[in-house]
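S.K.: Here it is, the structure, as structure tokens.
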Amino acid sequence: MIYQYWNHKMETLDRADLEAYQLTQLKKTVKYALETPFYQSRLKAEGIRHEDDIKTLADLRRIPFTTKHDLRGGFPYGFLSIPKEAIVRLHASSGTTGTPTTIYFSQEDIIRWTSFVARSIYAAGCTKSDVFQNMITYGLFTGGLGFHYGGEAVGMMVIPSGAGNTTRQFKLMQDFGTTVVHATPSFLLHVESKMREEGISRETLRLKRAFAGAEPYSEDTRKRIEKLLAIDVYNSYGLSEMNGPGVAFECQCKNGLHLWEDGFIPEIIDPDTLEAIPDGETGELVLTCLCREATPILRYRTRDLTSFYTEPCACGRTHRRLRRITGRTDDMLIINGVNLFPSQIEEVIMSIKEVGNNYLIVVEKEGAMDRLTIKTEVNQDIFMDDTRPLNALKERIRKTLQGMITINPKVELHEHGSLPVSEGKAQRVQDMRPKDV
Ligand code: DLL
């Protein structure tokens with residue numbers, strides 16, 4: 001395979017040069033951080049009064065972690081390091097507790113962010129001949145504008161269709177010969193179901209690739225989308241605190257996500273002890289943003305669980321690769337004392353071909369015990385009136401799940417298209433247990 005690089009020099013820097021570059025950028029970031037109300041006191045308490053107090057990359061460890069809680073506490077301007085007149089954009093994530101976290105960008109920040117997204121899109125093999133339909137939410141969410149700017153920088157024709165309205169999405173794809181789409185994996189599954197429902201023939205579309213991210217999904221889900229839509233699907237990881245998309249992305253080897261280490265310093269820690277863990281082992285990803293002046297964020301605890309591949313990638317890029325994110329430390333369900341990540345359930349059910357494209361995990365209290373119910377849609381080819389094969393399928397799903405997760409779930413089969421669909425990030429878990437128990 002011939003690999004293409006957006007910025008060959010930066011993408012293939014050897015480790016020593018990459019670390020030297022990181023140190024320069026880290027010092028700049030610390031300089032900006034010292035301008036913010038939040039970090040001023042934080043850093044000074046650790047004896048960091050000037051960027052020159054950072055002498056090596058190891059000095060990063062002197063800086064305490066930053067959490068979502070800290071960011072909320074600093075709302076609205078506690079993390080701002082430049083005069084307000086120099087801000088050209090704000091993005092925000094609302095989260096669940098009400099207080100949003102806001103990230104501000106200067107013009108230079110937007111240019112740098114755009115180049116990381118463009119680099120990612122290019123690594124997946126796209127060129128300026130592509131027609132790119134950005135089927136993800138625009139607005140305060142970073143997915144829309146982040147990919148929009150990146151796509152334009154590559155020179156693709158960008159169709160800012162946004163999420164939702166599958167009928168209009170198909171029309172745009174057919175009218176303009178869309179070759180690449182971007183969406184959450186759950187929306188891509190929904191698009192595929194709708195395509196069949198509306199009788200859209202694959203031959204009328206020119207689709208070749210999709211970028212799928214913003215939420216966890218399993219390798220089986222990727223394979224399912226690839227097979228059903230006959231396209232290549234590339235995993236894309238990012239978070240608003242680190243700009244948005246364009247933090248880590250799969251190249252054409254599709255074997256882990258290159259984390260752009262000239263833009264971000266990654267660490268993987270044990271979420272309980274907060275100690276660094278050996279390369280290759282799973283833990284919480286901590287990121288330091290090296291490419292933003294307006295809102296510097298140091299050692300941010302992402303809560304995302306992942307690990308690094310230790311072997312190099314065939315594409316020649318030197319930036320280390322993350323394994324697929326398996327969940328978040330705050331996603332973990334404890335069911336009758338057993339720890340369970342929603343991704344473990346997805347992994348099992350998406351490998352069963354009779355299972356449809358949508359599912360829901362429900363946890364309730366039944367007396368003193370927790371009760372896990374998996375509601376899944378069945379494939380469109382399955383008749384809901386035929387109870388015998390349906391019961392056999394239900395039993396097969398139950399047994400397979402029990403074997404993998406050691407919990408005996410109740411399984412409910414639902415007709416294709418009957419479970420709620422989300423256009424953005426899917427809400428797969430309904431935990432109905434009283435909060436104080
Ligand atoms: O989801 C940014 C983004 C937009 C990424 C479009 C990729 C594509 P937030 O809304 O701040 O930002 O959510 C960030 O989403 O900490 C992960 O928990 C999760 N996440 C994002 N990408 C992936 C992925 C955007 N590829 C949070 N796999 C992160 C698993 C993902 N989880």
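In the structure tokens, chains take the letters A, B, ... in the order shown, each chain's residues start at 1, and ligands count up from 1 in the order shown.
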Would you name the residues within 7 Å of ligand 1, counting only C-alpha atoms and all ligand atoms, and put them as a list in words?

M.R.: Ser93, Phe141, Thr142, Gly143, Ala212, Gly213, Ala214, Glu215, Pro216, Tyr217, Asn235, Ser236, Tyr237, Gly238, Leu239, Ser240, Glu241, Gly244, Pro245, Thr302, Arg303, Asp304, Arg324, Ile325, Thr326, Gly327 and Arg328 of chain A

S.K.: Quick one: write out the picked residues with N, CA, C and O atoms as an mmCIF file, in the first residue's frame?

M.R.:
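The result, written out as out-v3.cif:
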data_model
loop_
_atom_site.group_PDB
_atom_site.id
_atom_site.type_symbol
_atom_site.label_atom_id
_atom_site.label_comp_id
_atom_site.auth_asym_id
_atom_site.auth_seq_id
_atom_site.Cartn_x
_atom_site.Cartn_y
_atom_site.Cartn_z
ATOM 1 N N SER A 93 -19.065 21.723 26.007
ATOM 2 C CA SER A 93 -19.774 20.452 26.162
ATOM 3 C C SER A 93 -20.641 20.587 27.395
ATOM 4 O O SER A 93 -20.196 21.089 28.426
ATOM 5 N N PHE A 141 -20.972 21.520 19.791
ATOM 6 C CA PHE A 141 -20.246 20.254 19.680
ATOM 7 C C PHE A 141 -19.139 20.418 18.640
ATOM 8 O O PHE A 141 -19.350 21.018 17.584
ATOM 9 N N THR A 142 -17.962 19.883 18.960
ATOM 10 C CA THR A 142 -16.795 20.129 18.110
ATOM 11 C C THR A 142 -16.743 19.287 16.831
ATOM 12 O O THR A 142 -15.966 19.583 15.926
ATOM 13 N N GLY A 143 -17.548 18.203 16.789
ATOM 14 C CA GLY A 143 -17.465 17.264 15.661
ATOM 15 C C GLY A 143 -17.784 17.914 14.320
ATOM 16 O O GLY A 143 -17.116 17.653 13.320
ATOM 17 N N ALA A 212 -15.756 7.365 11.861
ATOM 18 C CA ALA A 212 -16.737 7.105 12.913
ATOM 19 C C ALA A 212 -16.077 7.320 14.260
ATOM 20 O O ALA A 212 -15.011 6.759 14.533
ATOM 21 N N GLY A 213 -16.705 8.141 15.080
ATOM 22 C CA GLY A 213 -16.117 8.400 16.395
ATOM 23 C C GLY A 213 -17.088 9.126 17.284
ATOM 24 O O GLY A 213 -18.301 9.126 17.046
ATOM 25 N N ALA A 214 -16.555 9.733 18.339
ATOM 26 C CA ALA A 214 -17.297 10.503 19.342
ATOM 27 C C ALA A 214 -17.977 9.611 20.374
ATOM 28 O O ALA A 214 -18.536 10.100 21.342
ATOM 29 N N GLU A 215 -17.956 8.298 20.159
ATOM 30 C CA GLU A 215 -18.517 7.373 21.156
ATOM 31 C C GLU A 215 -17.818 6.015 20.976
ATOM 32 O O GLU A 215 -17.293 5.727 19.900
ATOM 33 N N PRO A 216 -17.815 5.209 22.035
ATOM 34 C CA PRO A 216 -17.137 3.910 21.902
ATOM 35 C C PRO A 216 -17.911 2.956 20.990
ATOM 36 O O PRO A 216 -19.135 3.035 20.918
ATOM 37 N N TYR A 217 -17.202 2.120 20.293
ATOM 38 C CA TYR A 217 -17.841 1.039 19.527
ATOM 39 C C TYR A 217 -16.839 -0.093 19.371
ATOM 40 O O TYR A 217 -15.636 0.113 19.457
ATOM 41 N N ASN A 235 -11.589 4.811 12.658
ATOM 42 C CA ASN A 235 -11.918 5.258 14.008
ATOM 43 C C ASN A 235 -11.262 6.617 14.275
ATOM 44 O O ASN A 235 -10.097 6.841 13.948
ATOM 45 N N SER A 236 -12.037 7.503 14.889
ATOM 46 C CA SER A 236 -11.577 8.868 15.128
ATOM 47 C C SER A 236 -11.859 9.223 16.581
ATOM 48 O O SER A 236 -13.001 9.111 17.032
ATOM 49 N N TYR A 237 -10.810 9.629 17.294
ATOM 50 C CA TYR A 237 -10.966 9.922 18.724
ATOM 51 C C TYR A 237 -10.593 11.370 19.030
ATOM 52 O O TYR A 237 -9.619 11.905 18.476
ATOM 53 N N GLY A 238 -11.364 11.969 19.890
ATOM 54 C CA GLY A 238 -11.034 13.321 20.342
ATOM 55 C C GLY A 238 -11.966 13.716 21.461
ATOM 56 O O GLY A 238 -12.893 12.983 21.805
ATOM 57 N N LEU A 239 -11.731 14.866 22.036
ATOM 58 C CA LEU A 239 -12.585 15.370 23.118
ATOM 59 C C LEU A 239 -12.486 16.884 23.130
ATOM 60 O O LEU A 239 -11.454 17.447 22.742
ATOM 61 N N SER A 240 -13.573 17.528 23.551
ATOM 62 C CA SER A 240 -13.597 18.993 23.456
ATOM 63 C C SER A 240 -12.453 19.642 24.227
ATOM 64 O O SER A 240 -11.922 20.661 23.802
ATOM 65 N N GLU A 241 -12.070 19.038 25.343
ATOM 66 C CA GLU A 241 -10.995 19.636 26.157
ATOM 67 C C GLU A 241 -9.673 19.676 25.388
ATOM 68 O O GLU A 241 -8.792 20.475 25.716
ATOM 69 N N GLY A 244 -11.257 18.822 20.211
ATOM 70 C CA GLY A 244 -12.371 18.073 19.633
ATOM 71 C C GLY A 244 -11.792 16.924 18.834
ATOM 72 O O GLY A 244 -10.802 16.317 19.270
ATOM 73 N N PRO A 245 -12.339 16.615 17.647
ATOM 74 C CA PRO A 245 -11.721 15.553 16.848
ATOM 75 C C PRO A 245 -10.310 15.959 16.422
ATOM 76 O O PRO A 245 -9.972 17.144 16.467
ATOM 77 N N THR A 302 -8.911 12.175 31.180
ATOM 78 C CA THR A 302 -10.005 12.016 30.207
ATOM 79 C C THR A 302 -11.084 11.061 30.696
ATOM 80 O O THR A 302 -12.195 11.082 30.199
ATOM 81 N N ARG A 303 -10.730 10.166 31.605
ATOM 82 C CA ARG A 303 -11.601 9.067 32.084
ATOM 83 C C ARG A 303 -11.734 7.958 31.049
ATOM 84 O O ARG A 303 -12.411 6.962 31.275
ATOM 85 N N ASP A 304 -11.103 8.119 29.887
ATOM 86 C CA ASP A 304 -11.186 7.090 28.850
ATOM 87 C C ASP A 304 -10.166 5.990 29.103
ATOM 88 O O ASP A 304 -9.013 6.279 29.421
ATOM 89 N N ARG A 324 -8.474 0.867 20.627
ATOM 90 C CA ARG A 324 -9.877 1.300 20.703
ATOM 91 C C ARG A 324 -10.265 1.568 22.160
ATOM 92 O O ARG A 324 -9.938 0.765 23.040
ATOM 93 N N ILE A 325 -10.922 2.681 22.418
ATOM 94 C CA ILE A 325 -11.338 3.013 23.790
ATOM 95 C C ILE A 325 -12.429 2.020 24.202
ATOM 96 O O ILE A 325 -13.432 1.884 23.503
ATOM 97 N N THR A 326 -12.223 1.343 25.333
ATOM 98 C CA THR A 326 -13.198 0.308 25.705
ATOM 99 C C THR A 326 -14.301 0.869 26.599
ATOM 100 O O THR A 326 -15.279 0.192 26.864
ATOM 101 N N GLY A 327 -14.128 2.056 27.097
ATOM 102 C CA GLY A 327 -15.148 2.628 27.962
ATOM 103 C C GLY A 327 -14.539 3.738 28.775
ATOM 104 O O GLY A 327 -13.375 4.115 28.566
ATOM 105 N N ARG A 328 -15.313 4.274 29.695
ATOM 106 C CA ARG A 328 -14.836 5.344 30.550
ATOM 107 C C ARG A 328 -14.900 4.863 31.990
ATOM 108 O O ARG A 328 -15.748 4.043 32.330
#

S.K.: Return the single residue from A:Phe383, A:Lys399, A:Pro271, A:Val378 that is closest to Ser418 of chain A, with distances computed using only C-alpha atoms.

M.R.: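 Ranked by minimum distance to Ser418 of chain A, first place goes to A:Val378.
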
S.K.: Looking at only C-alpha atoms, which of A:Lys68, A:Ala118, A:Gln252, A:Gly151 is the one that sits closest to Asp330 of chain A?

M.R.: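 That would be A:Lys68, the residue with the smallest distance to Asp330 of chain A.
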
S.K.: Report the residues of segment 200-230 of chain A whose backbone DSSP state falls under helix (DSSP H, G or I), written as a PyMOL selection string.

M.R.: chain A and resi 202-204+219-229

S.K.: Which residues are near segment 122-137 of chain A? Cut-off 9 Å, only C-alpha atoms, ignore same chain within fewer than 5 positions. Put them as a ChimeraX atom specification.

M.R.: /A:3-6,117,142-145,147-148,151-164,169,172-173,176-184,187,209,211,234,249-254,423-424

S.K.: Name the closest residue to Ile63 of chain A among the candidates A:Ala20, A:Ile269, A:Ile200, A:Leu298; distances are taken between atoms, counting only C-alpha atoms.

M.R.: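 Distance minimum relative to Ile63 of chain A lands on A:Leu298.
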
S.K.: So that I can check the surroundings of Arg299 of chain A, please list as an MDAnalysis selection string every protein, DNA and RNA residue that reaches within 7 Å of it, counting only C-alpha atoms and ignoring chain neighbours fewer than 6 positions away.

M.R.: chainID A and resid 65:66 286:288

S.K.: Print the selection's residues with C-alpha atoms to a file, as an mmCIF file, in the first residue's frame.

M.R.:
data_model
loop_
_atom_site.group_PDB
_atom_site.id
_atom_site.type_symbol
_atom_site.label_atom_id
_atom_site.label_comp_id
_atom_site.auth_asym_id
_atom_site.auth_seq_id
_atom_site.Cartn_x
_atom_site.Cartn_y
_atom_site.Cartn_z
ATOM 1 C CA PHE A 65 -3.845 16.532 37.141
ATOM 2 C CA THR A 66 -6.716 18.662 35.824
ATOM 3 C CA VAL A 286 -4.290 11.639 30.541
ATOM 4 C CA LEU A 287 -3.614 14.321 27.925
ATOM 5 C CA THR A 288 -1.716 17.595 27.867
#

S.K.: Name the residues of segment 61-130 of chain A that fall into strand (DSSP E) according to DSSP on the backbone, using the chain letters and numbers of this document, as a list in words.

M.R.: Ile87, Val88, Arg89, Leu90, His91, Ala92, Ser93, Thr101, Thr102, Ile103, Tyr104, Phe105 and Ser106 of chain A

S.K.: Keeping only all heavy atoms, take the residues you just selected and write them out as an mmCIF file, in the first residue's frame.

M.R.:
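File again21.cif, as written:
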data_model
loop_
_atom_site.group_PDB
_atom_site.id
_atom_site.type_symbol
_atom_site.label_atom_id
_atom_site.label_comp_id
_atom_site.auth_asym_id
_atom_site.auth_seq_id
_atom_site.Cartn_x
_atom_site.Cartn_y
_atom_site.Cartn_z
ATOM 1 N N ILE A 87 -10.038 36.056 21.149
ATOM 2 C CA ILE A 87 -10.782 34.791 20.968
ATOM 3 C C ILE A 87 -11.583 34.892 19.679
ATOM 4 O O ILE A 87 -12.231 35.906 19.426
ATOM 5 C CB ILE A 87 -11.800 34.551 22.111
ATOM 6 C CG1 ILE A 87 -11.134 34.590 23.477
ATOM 7 C CG2 ILE A 87 -12.534 33.228 21.934
ATOM 8 C CD1 ILE A 87 -12.136 34.537 24.629
ATOM 9 N N VAL A 88 -11.547 33.828 18.860
ATOM 10 C CA VAL A 88 -12.386 33.854 17.663
ATOM 11 C C VAL A 88 -13.484 32.789 17.695
ATOM 12 O O VAL A 88 -14.381 32.790 16.863
ATOM 13 C CB VAL A 88 -11.565 33.703 16.352
ATOM 14 C CG1 VAL A 88 -10.560 34.834 16.199
ATOM 15 C CG2 VAL A 88 -10.880 32.355 16.271
ATOM 16 N N ARG A 89 -13.419 31.854 18.620
ATOM 17 C CA ARG A 89 -14.455 30.800 18.663
ATOM 18 C C ARG A 89 -14.561 30.216 20.051
ATOM 19 O O ARG A 89 -13.561 30.147 20.772
ATOM 20 C CB ARG A 89 -14.061 29.698 17.668
ATOM 21 C CG ARG A 89 -14.884 28.422 17.699
ATOM 22 C CD ARG A 89 -15.746 28.192 16.484
ATOM 23 N NE ARG A 89 -15.052 28.164 15.236
ATOM 24 C CZ ARG A 89 -14.585 27.032 14.646
ATOM 25 N NH1 ARG A 89 -14.746 25.872 15.213
ATOM 26 N NH2 ARG A 89 -13.986 27.108 13.476
ATOM 27 N N LEU A 90 -15.758 29.766 20.394
ATOM 28 C CA LEU A 90 -15.907 28.968 21.613
ATOM 29 C C LEU A 90 -16.664 27.699 21.290
ATOM 30 O O LEU A 90 -17.539 27.690 20.426
ATOM 31 C CB LEU A 90 -16.608 29.777 22.711
ATOM 32 C CG LEU A 90 -18.071 29.555 23.095
ATOM 33 C CD1 LEU A 90 -18.204 28.407 24.063
ATOM 34 C CD2 LEU A 90 -18.651 30.799 23.716
ATOM 35 N N HIS A 91 -16.251 26.596 21.936
ATOM 36 C CA HIS A 91 -17.021 25.350 21.893
ATOM 37 C C HIS A 91 -17.307 24.964 23.331
ATOM 38 O O HIS A 91 -16.573 25.357 24.252
ATOM 39 C CB HIS A 91 -16.233 24.237 21.198
ATOM 40 C CG HIS A 91 -16.285 24.330 19.708
ATOM 41 N ND1 HIS A 91 -17.388 23.963 18.977
ATOM 42 C CD2 HIS A 91 -15.370 24.771 18.807
ATOM 43 C CE1 HIS A 91 -17.159 24.165 17.692
ATOM 44 N NE2 HIS A 91 -15.938 24.666 17.548
ATOM 45 N N ALA A 92 -18.356 24.194 23.516
ATOM 46 C CA ALA A 92 -18.696 23.809 24.887
ATOM 47 C C ALA A 92 -19.282 22.421 24.898
ATOM 48 O O ALA A 92 -19.869 21.967 23.916
ATOM 49 C CB ALA A 92 -19.711 24.800 25.455
ATOM 50 N N SER A 93 -19.065 21.723 26.007
ATOM 51 C CA SER A 93 -19.774 20.452 26.162
ATOM 52 C C SER A 93 -20.641 20.587 27.395
ATOM 53 O O SER A 93 -20.196 21.089 28.426
ATOM 54 C CB SER A 93 -18.797 19.288 26.267
ATOM 55 O OG SER A 93 -18.099 19.362 27.470
ATOM 56 N N THR A 101 -18.522 22.990 30.154
ATOM 57 C CA THR A 101 -17.106 23.350 30.107
ATOM 58 C C THR A 101 -16.899 24.038 28.770
ATOM 59 O O THR A 101 -17.397 23.574 27.747
ATOM 60 C CB THR A 101 -16.196 22.117 30.218
ATOM 61 O OG1 THR A 101 -16.589 21.189 29.218
ATOM 62 C CG2 THR A 101 -16.318 21.457 31.567
ATOM 63 N N THR A 102 -16.203 25.162 28.820
ATOM 64 C CA THR A 102 -16.027 25.933 27.597
ATOM 65 C C THR A 102 -14.553 25.967 27.201
ATOM 66 O O THR A 102 -13.685 26.110 28.055
ATOM 67 C CB THR A 102 -16.495 27.396 27.797
ATOM 68 O OG1 THR A 102 -16.208 27.766 29.129
ATOM 69 C CG2 THR A 102 -17.938 27.582 27.492
ATOM 70 N N ILE A 103 -14.329 25.869 25.918
ATOM 71 C CA ILE A 103 -12.970 25.945 25.392
ATOM 72 C C ILE A 103 -12.950 27.096 24.394
ATOM 73 O O ILE A 103 -13.829 27.191 23.526
ATOM 74 C CB ILE A 103 -12.573 24.624 24.676
ATOM 75 C CG1 ILE A 103 -12.717 23.418 25.624
ATOM 76 C CG2 ILE A 103 -11.164 24.698 24.098
ATOM 77 C CD1 ILE A 103 -11.803 23.394 26.813
ATOM 78 N N TYR A 104 -11.952 27.967 24.537
ATOM 79 C CA TYR A 104 -11.833 29.131 23.653
ATOM 80 C C TYR A 104 -10.676 28.919 22.687
ATOM 81 O O TYR A 104 -9.680 28.276 23.036
ATOM 82 C CB TYR A 104 -11.591 30.399 24.482
ATOM 83 C CG TYR A 104 -12.655 30.603 25.531
ATOM 84 C CD1 TYR A 104 -12.468 30.155 26.838
ATOM 85 C CD2 TYR A 104 -13.870 31.204 25.188
ATOM 86 C CE1 TYR A 104 -13.462 30.311 27.794
ATOM 87 C CE2 TYR A 104 -14.863 31.364 26.146
ATOM 88 C CZ TYR A 104 -14.652 30.917 27.443
ATOM 89 O OH TYR A 104 -15.642 31.060 28.377
ATOM 90 N N PHE A 105 -10.821 29.483 21.505
ATOM 91 C CA PHE A 105 -9.790 29.329 20.473
ATOM 92 C C PHE A 105 -9.385 30.692 19.934
ATOM 93 O O PHE A 105 -10.252 31.535 19.666
ATOM 94 C CB PHE A 105 -10.330 28.524 19.288
ATOM 95 C CG PHE A 105 -10.696 27.096 19.616
ATOM 96 C CD1 PHE A 105 -11.919 26.798 20.205
ATOM 97 C CD2 PHE A 105 -9.825 26.048 19.327
ATOM 98 C CE1 PHE A 105 -12.269 25.489 20.503
ATOM 99 C CE2 PHE A 105 -10.170 24.737 19.617
ATOM 100 C CZ PHE A 105 -11.391 24.455 20.210
ATOM 101 N N SER A 106 -8.086 30.874 19.738
ATOM 102 C CA SER A 106 -7.610 32.039 18.987
ATOM 103 C C SER A 106 -7.580 31.636 17.515
ATOM 104 O O SER A 106 -7.760 30.448 17.187
ATOM 105 C CB SER A 106 -6.187 32.412 19.435
ATOM 106 O OG SER A 106 -5.290 31.399 19.003
#

S.K.: Using only C-alpha atoms, determine which residues lie at most 10 Å from segment 23-38 of chain A, disregarding the query and same-chain residues fewer than 5 positions distant; provide the list as a ChimeraX atom specification.

M.R.: /A:17-18,43-44,48-60,63,70-71,73-74,77-82,262-265,288-298

S.K.: Counting only C-alpha atoms, figure out which residue out of A:Asp232, A:Arg317, A:Asp175, A:His414 gets nearest to Lys9 of chain A.

M.R.: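 For Lys9 of chain A, the nearest of the candidates is A:Arg317.
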
S.K.: Which residue is closest to Glu347 of chain A? Choose from A:Leu274, A:Ile382, A:Leu333, A:Met404 and count only C-alpha atoms.

M.R.: A:Met404

S.K.: Atom CA of Arg119 of chain A to atom CA of His8 of chain A: how many Å, to one decimal?

M.R.: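 Value for the atom CA of Arg119 of chain A-atom CA of His8 of chain A distance: 9.7 Å.
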